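**Q** Enclosed is the structure file query.txt (compact mmCIF, C-alpha atoms).
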# COMPACT_ATOMS: atom_id res chain seq x y z
CA MET M 4 -100.32 -15.57 65.67
CA PRO M 5 -102.42 -15.90 68.85
CA LEU M 6 -104.33 -13.11 70.53
CA LEU M 7 -101.85 -10.34 71.39
CA GLY M 8 -103.85 -8.59 74.07
CA GLU M 9 -107.30 -7.86 75.46
CA ARG M 10 -109.00 -5.77 78.12
CA ALA M 11 -112.46 -5.92 79.60
CA ALA M 12 -114.89 -3.01 79.68
CA ARG M 13 -115.09 -0.83 82.74
CA ARG M 14 -118.66 -1.92 83.49
CA PRO M 15 -120.45 -5.25 82.97
CA ASP M 16 -123.27 -3.63 80.98
CA ALA M 17 -120.81 -2.16 78.44
CA ASP M 18 -121.06 -5.34 76.40
CA ARG M 19 -119.78 -4.41 72.95
CA ILE M 20 -116.72 -6.14 71.51
CA PHE M 21 -114.07 -4.23 69.60
CA VAL M 22 -111.55 -6.15 67.49
CA PHE M 23 -108.26 -4.62 66.38
CA LEU M 24 -107.18 -6.84 63.45
CA ASP M 25 -104.05 -5.00 62.38
CA GLY M 26 -102.40 -1.65 62.67
CA LEU M 27 -101.30 -1.86 66.30
CA GLU M 28 -97.77 -2.41 65.07
CA PHE M 29 -98.01 1.30 64.34
CA ILE M 30 -97.93 1.94 68.10
CA ALA M 31 -94.64 1.47 69.95
CA GLY M 32 -95.08 -0.81 72.97
CA GLU M 33 -97.82 -2.45 75.03
CA GLU M 34 -98.15 0.43 77.49
CA GLU M 35 -98.82 2.74 74.58
CA TYR M 36 -101.41 0.31 73.16
CA GLU M 37 -103.32 0.45 76.43
CA ARG M 38 -103.16 4.23 76.66
CA VAL M 39 -104.42 4.74 73.09
CA LEU M 40 -107.20 2.14 73.38
CA GLU M 41 -108.34 3.16 76.87
CA PRO M 42 -111.29 5.33 75.64
CA LEU M 43 -112.89 2.24 74.08
CA LEU M 44 -113.45 0.69 77.52
CA GLU M 45 -116.25 3.18 78.15
CA PHE M 46 -118.34 1.23 75.65
CA GLY M 47 -117.03 -2.34 75.62
CA SER M 48 -114.10 -4.74 75.68
CA TYR M 49 -111.34 -4.95 73.12
CA ARG M 50 -108.96 -7.55 71.82
CA TYR M 51 -106.17 -7.15 69.32
CA TYR M 52 -104.37 -9.38 66.87
CA LYS M 53 -101.92 -9.04 64.08
CA ASN M 54 -104.00 -10.59 61.30
CA ARG M 55 -101.13 -11.79 59.15
CA LEU M 56 -101.78 -12.92 55.59
CA GLU M 57 -100.95 -16.54 56.37
CA GLU M 58 -103.68 -16.45 59.02
CA SER M 59 -106.38 -14.93 56.82
CA HIS M 60 -108.46 -18.10 57.26
CA LEU M 61 -108.91 -17.00 60.90
CA LEU M 62 -110.46 -13.66 59.97
CA LEU M 63 -114.11 -14.65 60.48
CA GLU M 64 -113.33 -16.45 63.72
CA ARG M 65 -111.80 -13.26 65.08
CA ILE M 66 -114.51 -10.82 64.05
CA ARG M 67 -117.72 -12.89 64.10
CA ASP M 68 -118.98 -11.36 67.36
CA ALA M 69 -117.50 -7.88 66.88
CA HIS M 70 -119.49 -4.65 67.11
CA ALA M 71 -116.54 -2.61 65.79
CA VAL M 72 -113.57 -3.73 63.72
CA PHE M 73 -110.34 -1.79 63.23
CA LEU M 74 -108.37 -2.77 60.17
CA ASP M 75 -105.61 -1.66 57.86
CA TRP M 76 -104.53 -4.55 55.61
CA SER M 77 -107.26 -7.14 56.17
CA ARG M 78 -110.19 -7.29 53.74
CA LEU M 79 -113.85 -7.21 54.63
CA ASP M 80 -115.76 -8.38 51.57
CA ALA M 81 -119.49 -9.04 51.36
CA GLY M 82 -119.06 -12.53 52.81
CA ALA M 83 -117.13 -11.27 55.82
CA LEU M 84 -119.68 -8.54 56.48
CA ALA M 85 -122.54 -11.04 56.25
CA ALA M 86 -120.83 -13.25 58.84
CA CYS M 87 -120.83 -10.45 61.45
CA PRO M 88 -124.42 -9.90 62.59
CA HIS M 89 -123.49 -7.46 65.37
CA LEU M 90 -121.12 -5.30 63.34
CA GLU M 91 -121.92 -1.58 63.56
CA ILE M 92 -118.76 0.22 62.48
CA VAL M 93 -115.53 -0.49 60.59
CA SER M 94 -112.76 1.94 61.51
CA TYR M 95 -110.19 1.86 58.73
CA ILE M 96 -106.70 2.94 59.80
CA GLY M 97 -105.73 5.01 56.80
CA VAL M 98 -107.50 6.75 53.94
CA GLY M 99 -108.14 4.15 51.23
CA ALA M 100 -110.84 2.08 52.90
CA ALA M 101 -112.52 1.40 49.55
CA SER M 102 -109.62 -0.89 48.64
CA PHE M 103 -110.25 -3.10 51.69
CA VAL M 104 -113.94 -2.85 52.57
CA ASP M 105 -116.96 -3.56 50.37
CA ILE M 106 -118.47 -0.16 51.11
CA PRO M 107 -121.70 -0.59 49.11
CA GLU M 108 -122.42 -3.83 51.00
CA ALA M 109 -121.52 -2.22 54.33
CA THR M 110 -123.87 0.64 53.52
CA ARG M 111 -126.70 -1.73 52.63
CA ARG M 112 -126.25 -3.46 55.97
CA GLY M 113 -126.11 -0.20 57.92
CA VAL M 114 -122.44 -0.72 58.83
CA VAL M 115 -120.67 2.63 59.08
CA VAL M 116 -117.19 2.84 57.55
CA THR M 117 -114.79 5.55 58.73
CA ASN M 118 -111.25 6.48 57.76
CA THR M 119 -108.50 8.73 59.08
CA PRO M 120 -108.09 11.72 56.75
CA ASP M 121 -105.28 14.22 57.12
CA TYR M 122 -103.24 12.01 59.45
CA GLY M 123 -100.03 12.21 57.42
CA ASN M 124 -100.36 14.86 54.74
CA ARG M 125 -96.83 16.16 55.18
CA SER M 126 -95.31 12.68 55.41
CA VAL M 127 -96.91 11.57 52.14
CA ALA M 128 -95.97 14.79 50.36
CA GLU M 129 -92.35 14.46 51.50
CA HIS M 130 -92.26 10.92 50.10
CA ALA M 131 -93.71 12.05 46.78
CA LEU M 132 -90.98 14.68 46.59
CA ALA M 133 -88.39 12.04 47.45
CA LEU M 134 -89.60 9.89 44.54
CA ILE M 135 -89.37 12.86 42.16
CA LEU M 136 -85.79 13.53 43.24
CA ALA M 137 -84.87 9.84 43.18
CA VAL M 138 -85.95 9.62 39.54
CA ALA M 139 -84.65 13.03 38.45
CA ARG M 140 -81.22 12.54 40.04
CA ASN M 141 -80.73 8.80 39.37
CA VAL M 142 -80.54 7.99 43.08
CA ALA M 143 -81.75 4.40 42.81
CA ARG M 144 -79.78 3.74 39.61
CA GLY M 145 -76.60 5.11 41.14
CA ASP M 146 -77.09 2.97 44.23
CA ARG M 147 -77.54 -0.16 42.09
CA ASP M 148 -74.46 0.72 40.03
CA LEU M 149 -72.17 1.00 43.04
CA ARG M 150 -73.54 -2.15 44.66
CA ALA M 151 -72.71 -3.97 41.42
CA GLY M 152 -69.16 -2.55 41.42
CA ARG M 153 -69.75 -0.07 38.59
CA TRP M 154 -68.65 3.60 38.66
CA THR M 155 -71.10 5.34 36.34
CA SER M 156 -70.79 9.00 37.23
CA ALA M 157 -70.46 10.17 33.63
CA GLU M 158 -73.49 8.13 32.52
CA ARG M 159 -75.97 9.33 35.12
CA GLU M 160 -76.77 12.90 34.13
CA GLY M 161 -79.67 14.09 36.20
CA VAL M 162 -82.38 16.71 35.89
CA GLN M 163 -82.46 19.80 38.12
CA VAL M 164 -86.02 20.26 39.35
CA ALA M 165 -85.78 23.97 40.17
CA GLY M 166 -87.37 25.95 37.35
CA ARG M 167 -89.35 22.95 36.08
CA ASN M 168 -93.12 22.69 35.79
CA VAL M 169 -94.76 20.31 38.27
CA GLY M 170 -98.39 19.33 37.78
CA LEU M 171 -100.38 18.09 40.76
CA VAL M 172 -103.40 15.97 39.91
CA GLY M 173 -105.57 16.53 42.96
CA LEU M 174 -105.15 19.44 45.35
CA GLY M 175 -106.58 18.02 48.52
CA ALA M 176 -104.69 18.10 51.81
CA VAL M 177 -101.67 16.14 50.52
CA GLY M 178 -101.65 18.01 47.22
CA ARG M 179 -101.57 21.34 49.05
CA GLU M 180 -98.58 20.22 51.12
CA MET M 181 -96.91 19.07 47.91
CA ALA M 182 -97.57 22.42 46.26
CA ARG M 183 -95.81 24.23 49.12
CA LEU M 184 -92.83 21.87 49.05
CA CYS M 185 -92.39 22.14 45.28
CA ALA M 186 -92.75 25.91 45.31
CA SER M 187 -90.08 26.13 48.00
CA LEU M 188 -87.68 24.33 45.63
CA GLY M 189 -88.28 26.86 42.87
CA MET M 190 -90.62 24.70 40.79
CA ARG M 191 -93.52 26.25 38.90
CA VAL M 192 -96.62 24.60 40.34
CA PHE M 193 -99.77 23.77 38.36
CA TYR M 194 -102.77 21.76 39.50
CA TYR M 195 -105.90 20.03 38.32
CA ASP M 196 -108.78 19.34 40.69
CA PRO M 197 -112.54 19.10 40.07
CA ARG M 198 -112.89 21.90 42.62
CA ARG M 199 -110.90 25.07 42.07
CA GLN M 200 -108.73 26.10 45.02
CA PRO M 201 -108.44 29.90 44.80
CA GLU M 202 -106.85 30.08 48.24
CA MET M 203 -103.85 28.15 46.80
CA GLU M 204 -103.54 30.05 43.54
CA ASP M 205 -100.86 32.36 44.86
CA ILE M 206 -98.45 29.41 44.41
CA ALA M 207 -100.36 27.00 42.13
CA THR M 208 -101.97 27.75 38.77
CA TYR M 209 -105.09 25.84 37.69
CA MET M 210 -105.05 23.84 34.45
CA GLU M 211 -107.40 21.32 32.88
CA LEU M 212 -106.02 17.80 33.14
CA ASP M 213 -105.02 17.30 29.49
CA GLU M 214 -103.18 20.63 29.37
CA LEU M 215 -101.40 19.88 32.64
CA LEU M 216 -100.22 16.50 31.36
CA SER M 217 -98.87 18.00 28.15
CA ARG M 218 -97.09 21.00 29.70
CA CYS M 219 -95.53 19.69 32.93
CA ASP M 220 -92.10 18.16 33.40
CA VAL M 221 -93.29 16.30 36.51
CA VAL M 222 -96.80 14.97 37.20
CA SER M 223 -97.65 13.85 40.73
CA LEU M 224 -100.94 12.10 41.56
CA HIS M 225 -102.79 13.03 44.77
CA VAL M 226 -106.38 11.94 44.19
CA ALA M 227 -108.74 9.91 46.34
CA TYR M 228 -109.87 6.52 45.06
CA THR M 229 -113.43 6.80 43.75
CA PRO M 230 -115.31 5.27 40.79
CA GLU M 231 -114.46 8.47 38.89
CA THR M 232 -110.71 8.25 39.55
CA ARG M 233 -110.32 4.53 38.84
CA GLY M 234 -108.07 4.31 35.76
CA LEU M 235 -107.75 8.10 35.67
CA ILE M 236 -104.29 7.89 34.10
CA GLY M 237 -104.22 5.35 31.30
CA GLU M 238 -102.76 4.97 27.83
CA ARG M 239 -104.41 8.11 26.43
CA GLU M 240 -103.33 10.31 29.34
CA LEU M 241 -99.77 8.96 29.30
CA SER M 242 -99.56 9.68 25.57
CA LEU M 243 -100.30 13.33 26.33
CA MET M 244 -97.42 13.67 28.76
CA LYS M 245 -94.42 15.75 27.79
CA PRO M 246 -91.56 13.64 26.37
CA GLY M 247 -88.91 13.11 29.03
CA SER M 248 -91.25 13.87 31.93
CA ILE M 249 -91.62 12.11 35.29
CA LEU M 250 -94.75 10.55 36.76
CA VAL M 251 -95.17 9.92 40.51
CA ASN M 252 -98.04 8.17 42.29
CA THR M 253 -98.50 8.24 46.06
CA SER M 254 -102.31 8.25 45.96
CA ARG M 255 -104.04 4.93 45.16
CA GLY M 256 -102.73 2.23 42.88
CA GLU M 257 -106.04 1.88 41.04
CA VAL M 258 -105.89 5.37 39.55
CA LEU M 259 -102.95 4.43 37.29
CA ASP M 260 -102.79 1.80 34.53
CA LEU M 261 -99.47 0.06 35.30
CA ARG M 262 -99.39 -1.82 32.01
CA ALA M 263 -99.71 1.41 30.02
CA LEU M 264 -97.09 3.04 32.25
CA ALA M 265 -94.65 0.18 31.68
CA ALA M 266 -95.06 0.56 27.91
CA ALA M 267 -94.38 4.32 28.10
CA LEU M 268 -91.26 3.70 30.19
CA ARG M 269 -89.95 0.92 27.93
CA GLU M 270 -90.41 3.07 24.86
CA GLY M 271 -88.56 5.98 26.48
CA ARG M 272 -91.50 8.37 26.20
CA LEU M 273 -91.11 9.22 29.89
CA LEU M 274 -87.86 9.89 31.70
CA GLY M 275 -89.04 7.78 34.62
CA ALA M 276 -91.64 7.10 37.29
CA GLY M 277 -91.80 6.77 41.06
CA LEU M 278 -94.55 4.62 42.61
CA ASP M 279 -95.61 3.86 46.17
CA ASN M 280 -99.14 2.50 45.62
CA TYR M 281 -100.38 -0.40 43.50
CA PRO M 282 -103.51 -2.38 42.69
CA GLY M 283 -103.66 -5.70 44.52
CA GLU M 284 -101.59 -4.79 47.56
CA PRO M 285 -99.83 -6.40 49.34
CA HIS M 286 -99.13 -8.70 46.36
CA PRO M 287 -99.25 -6.35 43.37
CA ASP M 288 -98.33 -7.59 39.91
CA LEU M 289 -95.14 -5.63 39.15
CA SER M 290 -93.82 -8.07 36.56
CA GLU M 291 -93.73 -5.45 33.79
CA LEU M 292 -92.00 -2.83 35.94
CA VAL M 293 -89.31 -4.57 37.98
CA ALA M 294 -87.00 -5.06 35.00
CA LEU M 295 -87.08 -1.36 34.10
CA GLU M 296 -84.26 0.85 35.35
CA ASN M 297 -86.20 4.09 35.04
CA VAL M 298 -88.78 3.37 37.72
CA VAL M 299 -88.38 3.69 41.50
CA LEU M 300 -90.69 1.42 43.53
CA THR M 301 -91.44 1.63 47.25
CA PRO M 302 -93.84 -0.66 49.19
CA HIS M 303 -96.61 1.76 50.24
CA ILE M 304 -94.47 3.55 52.83
CA ALA M 305 -95.23 7.20 52.10
CA PHE M 306 -97.34 7.36 55.27
CA ASN M 307 -94.79 5.48 57.37
CA THR M 308 -93.41 8.01 59.85
CA ARG M 309 -93.82 7.94 63.61
CA GLU M 310 -95.69 11.24 63.53
CA ALA M 311 -98.20 10.01 60.95
CA LYS M 312 -98.75 6.60 62.55
CA ASP M 313 -99.45 8.05 66.00
CA ARG M 314 -102.03 10.44 64.58
CA MET M 315 -103.62 7.80 62.34
CA THR M 316 -104.27 5.36 65.19
CA ALA M 317 -105.57 8.08 67.50
CA ILE M 318 -108.08 9.22 64.84
CA ALA M 319 -109.22 5.62 64.21
CA VAL M 320 -109.97 5.12 67.91
CA ASP M 321 -111.67 8.50 68.19
CA ASN M 322 -113.89 7.61 65.21
CA VAL M 323 -115.33 4.67 67.14
CA VAL M 324 -115.65 6.55 70.43
CA SER M 325 -117.39 9.46 68.66
CA PHE M 326 -119.76 7.05 66.90
CA TYR M 327 -120.91 5.52 70.18
CA ARG M 328 -121.30 8.95 71.72
CA GLY M 329 -123.73 9.77 68.93
CA SER M 330 -121.49 12.17 66.96
CA PRO M 331 -120.03 10.14 64.07
CA ARG M 332 -116.89 11.53 62.45
CA ASN M 333 -115.05 10.83 59.20
CA VAL M 334 -117.89 8.67 57.87
CA MET M 335 -117.32 7.50 54.30
CA ASN M 336 -120.86 6.16 53.78
CA PRO M 337 -123.34 8.51 55.50
CA GLU M 338 -126.21 6.56 53.98
CA ALA M 339 -125.32 3.71 56.34
CA LEU M 340 -126.43 5.89 59.24
CA ARG M 341 -129.88 6.12 57.68
CA ASN M 342 -129.93 2.41 56.95
CA ARG M 343 -129.18 1.37 60.49
CA VAL M 344 -131.97 -0.55 62.14
CA HIS M 345 -130.50 0.04 65.59
CA MET M 346 -128.73 3.32 66.11
CA PRO M 347 -125.82 3.33 68.55
CA ARG M 348 -126.72 3.55 72.17
CA GLY M 349 -125.99 6.84 73.84
CA GLU M 350 -123.22 7.64 76.24
CA PRO M 351 -123.41 5.47 79.38
Can the structure in the file be given as structure tokens, please?

**A**
Amino acid sequence: MPLLGERAARRPDADRIFVFLDGLEFIAGEEEYERVLEPLLEFGSYRYYKNRLEESHLLLERIRDAHAVFLDWSRLDAGALAACPHLEIVSYIGVGAASFVDIPEATRRGVVVTNTPDYGNRSVAEHALALILAVARNVARGDRDLRAGRWTSAEREGVQVAGRNVGLVGLGAVGREMARLCASLGMRVFYYDPRRQPEMEDIATYMELDELLSRCDVVSLHVAYTPETRGLIGERELSLMKPGSILVNTSRGEVLDLRALAAALREGRLLGAGLDNYPGEPHPDLSELVALENVVLTPHIAFNTREAKDRMTAIAVDNVVSFYRGSPRNVMNPEALRNRVHMPRGEP
């Protein structure tokens, strides 16, 4: 796809180049693009593309002279970073930048990486709840039955979630929203987090992870992707889960071992699972899951509401503007600021 749009800086000496690779489809209409991106013109010119997968060979051509890159689905590995000598900041449109940017290499090069935390906490929590209900009440199975011409009312006994134990693994911003939603439905809420959250313990009771897995009817994952959380839920953890329980993941795909999950589902040790995130997006290997009836799969859409997308893009733009004004925000690799040979120029 050719260049979708571009605008020149307000002044000739504002000579930085900002490249929006993907994510502008989150904004409705060209007039809105220009309004949201207007603050960038204080510091340079911008151009925007939709960097579709079939055009990934054009990635380096599009970003080679960039000072700032906005991205959502494109990948900036060590080779891409090395090919961009002017690059100062990568503004990731979302939370999971570590899945798309080689952050250690960016840090070594003094390239700051930012993300957009808290843009869609409620939207993601609502989707996690929807997955729980879809599994517990056979929503997807019932839909498939009717589309195939089968009336299976007597065969699709569901599980009422009120009065059940729900365990939240991670009680960050999304986890806290999830705790409130589940409590409002009459569920007993438990949580595990490396940092205790006493301010939430009027509605959520702390448990160590192994105890939570063994005692809860529903387990919902809400952790950030870090080296410590990679593979957090694997064969051992799944074996601890209560027979007939439900597992939901709307955090990052890498925290859950899909092969071990598929085995637990096939063997009937779990009632079911609901997943929205996967390793290897946007082409995850779901070969062991798609044939299973007791799993509900959605294509990383928990964030996908108009409210969340508007806020996400606005934060991504503000991250770059704040960086060039000398007040970096939402920086994932603060060490990059110390590694920078040339700090950003001040406000014009």

**Q** Up to 12 Å from (-121.4, -10.4, 59.9) in the file's coordinates: name the residues, counting only C-alpha atoms, as a PyMOL selection string.

**A** chain M and resi 62-72+79-93+108-109+112-114

**Q** Skip Thr117 in chain M itself and residues of its chain fewer than 6 positions away, then list as a PyMOL selection string all residues within 9 Å of it, counting all atoms listed in the file.

**A** chain M and resi 92-96+98+100+319+322-323+331-336

**Q** Would you please work out which residue, of M:Leu340, M:Val138, M:Arg167, M:Arg309, is nearest to Val251 in chain M when using all atoms listed in the file?

**A**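 For Val251 in chain M, the nearest of the given residues is M:Val138.
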
**Q** How would you write as a PyMOL selection string the residues that get within 10 Å of (-94.2, 6.7, 56.6) in the file's frame, counting all atoms listed in the file?

**A** chain M and resi 123+125-127+129-130+303-312

**Q** Of the residues M:Tyr327, M:Glu257, M:Gln200, M:Ala339, which is the one nearest to Ala17 in chain M, using all atoms listed in the file?

**A** M:Tyr327

**Q** Considering all atoms listed in the file, can you say which of M:Leu268, M:Val258, M:Ile20, M:Val172 comes closest to Arg199 in chain M?

**A** M:Val172

**Q** List the spatial neighbours of Leu215 in chain M as a PyMOL selection string - criterion: any atom at most 9 Å away, all atoms listed in the file, same-chain residues fewer than 5 positions off excluded.

**A** chain M and resi 169-172+193-195+209-210+222+244

**Q** Would you kindly return, as a list in words, each protein, DNA or RNA residue with an atom no farther than 9 Å from any atom of Gly283 in chain M, considering all atoms listed in the file and excluding same-chain residues fewer than 4 positions away?

**A**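 Listed by chain and then number, they are Ser102, Gly256, Glu257, Pro287 and Asp288 of chain M.
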
**Q** Those residues with C-alpha atoms, as a short mmCIF file (atom, residue, chain, number, x, y, z; two decimals), in the frame of the given file please?

**A**
data_model
loop_
_atom_site.label_atom_id
_atom_site.label_comp_id
_atom_site.auth_asym_id
_atom_site.auth_seq_id
_atom_site.Cartn_x
_atom_site.Cartn_y
_atom_site.Cartn_z
CA SER M 102 -109.62 -0.89 48.64
CA GLY M 256 -102.73 2.23 42.88
CA GLU M 257 -106.04 1.88 41.04
CA PRO M 287 -99.25 -6.35 43.37
CA ASP M 288 -98.33 -7.59 39.91
#

**Q** Any idea what the distance is between CA of Ser217 in chain M and CA of Lys245 in chain M?

**A**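 Answer for the CA of Ser217 in chain M to CA of Lys245 in chain M separation: 5.0 Å.
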
**Q** Can you tell me how far CA of Arg255 in chain M sits from CA of Ala276 in chain M, in Å to one decimal?

**A**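 About the pair CA of Arg255 in chain M and CA of Ala276 in chain M: they are 14.8 Å apart.
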
**Q** Restricting the calculation to only C-alpha atoms, which member of M:Arg111, M:Arg140, M:His60, M:Arg78 is positioned closest to Glu338 in chain M?

**A**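 Using only C-alpha atoms, the shortest distance to Glu338 in chain M belongs to M:Arg111.
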
**Q** Interatomic distance between CA of Glu231 in chain M and CA of Leu292 in chain M?

**A**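 Computing the Euclidean distance for CA of Glu231 in chain M and CA of Leu292 in chain M yields 25.3 Å.
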
**Q** Smallest atom-to-atom distance to Ala139 in chain M: which of M:Cys219, M:Val324, M:Ile206, M:Val164, using only C-alpha atoms?

**A** M:Val164

**Q** I need the residue nearest Arg341 in chain M from this list: M:Val221, M:Val115, M:Ala131, M:Leu43. Use only C-alpha atoms for the distance.

**A**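 Selected residue with least distance to Arg341 in chain M: M:Val115.
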
**Q** Just want the 9 Å neighbourhood of Val226 in chain M, counted on only C-alpha atoms, with same-chain residues fewer than 3 positions away dropped. Output as a list in words.

**A** Val172, Gly173, Leu174, Gly175, Val177, Gly178, Asp196, Thr229, Thr232, Thr253, Ser254, Arg255 and Val258 of chain M
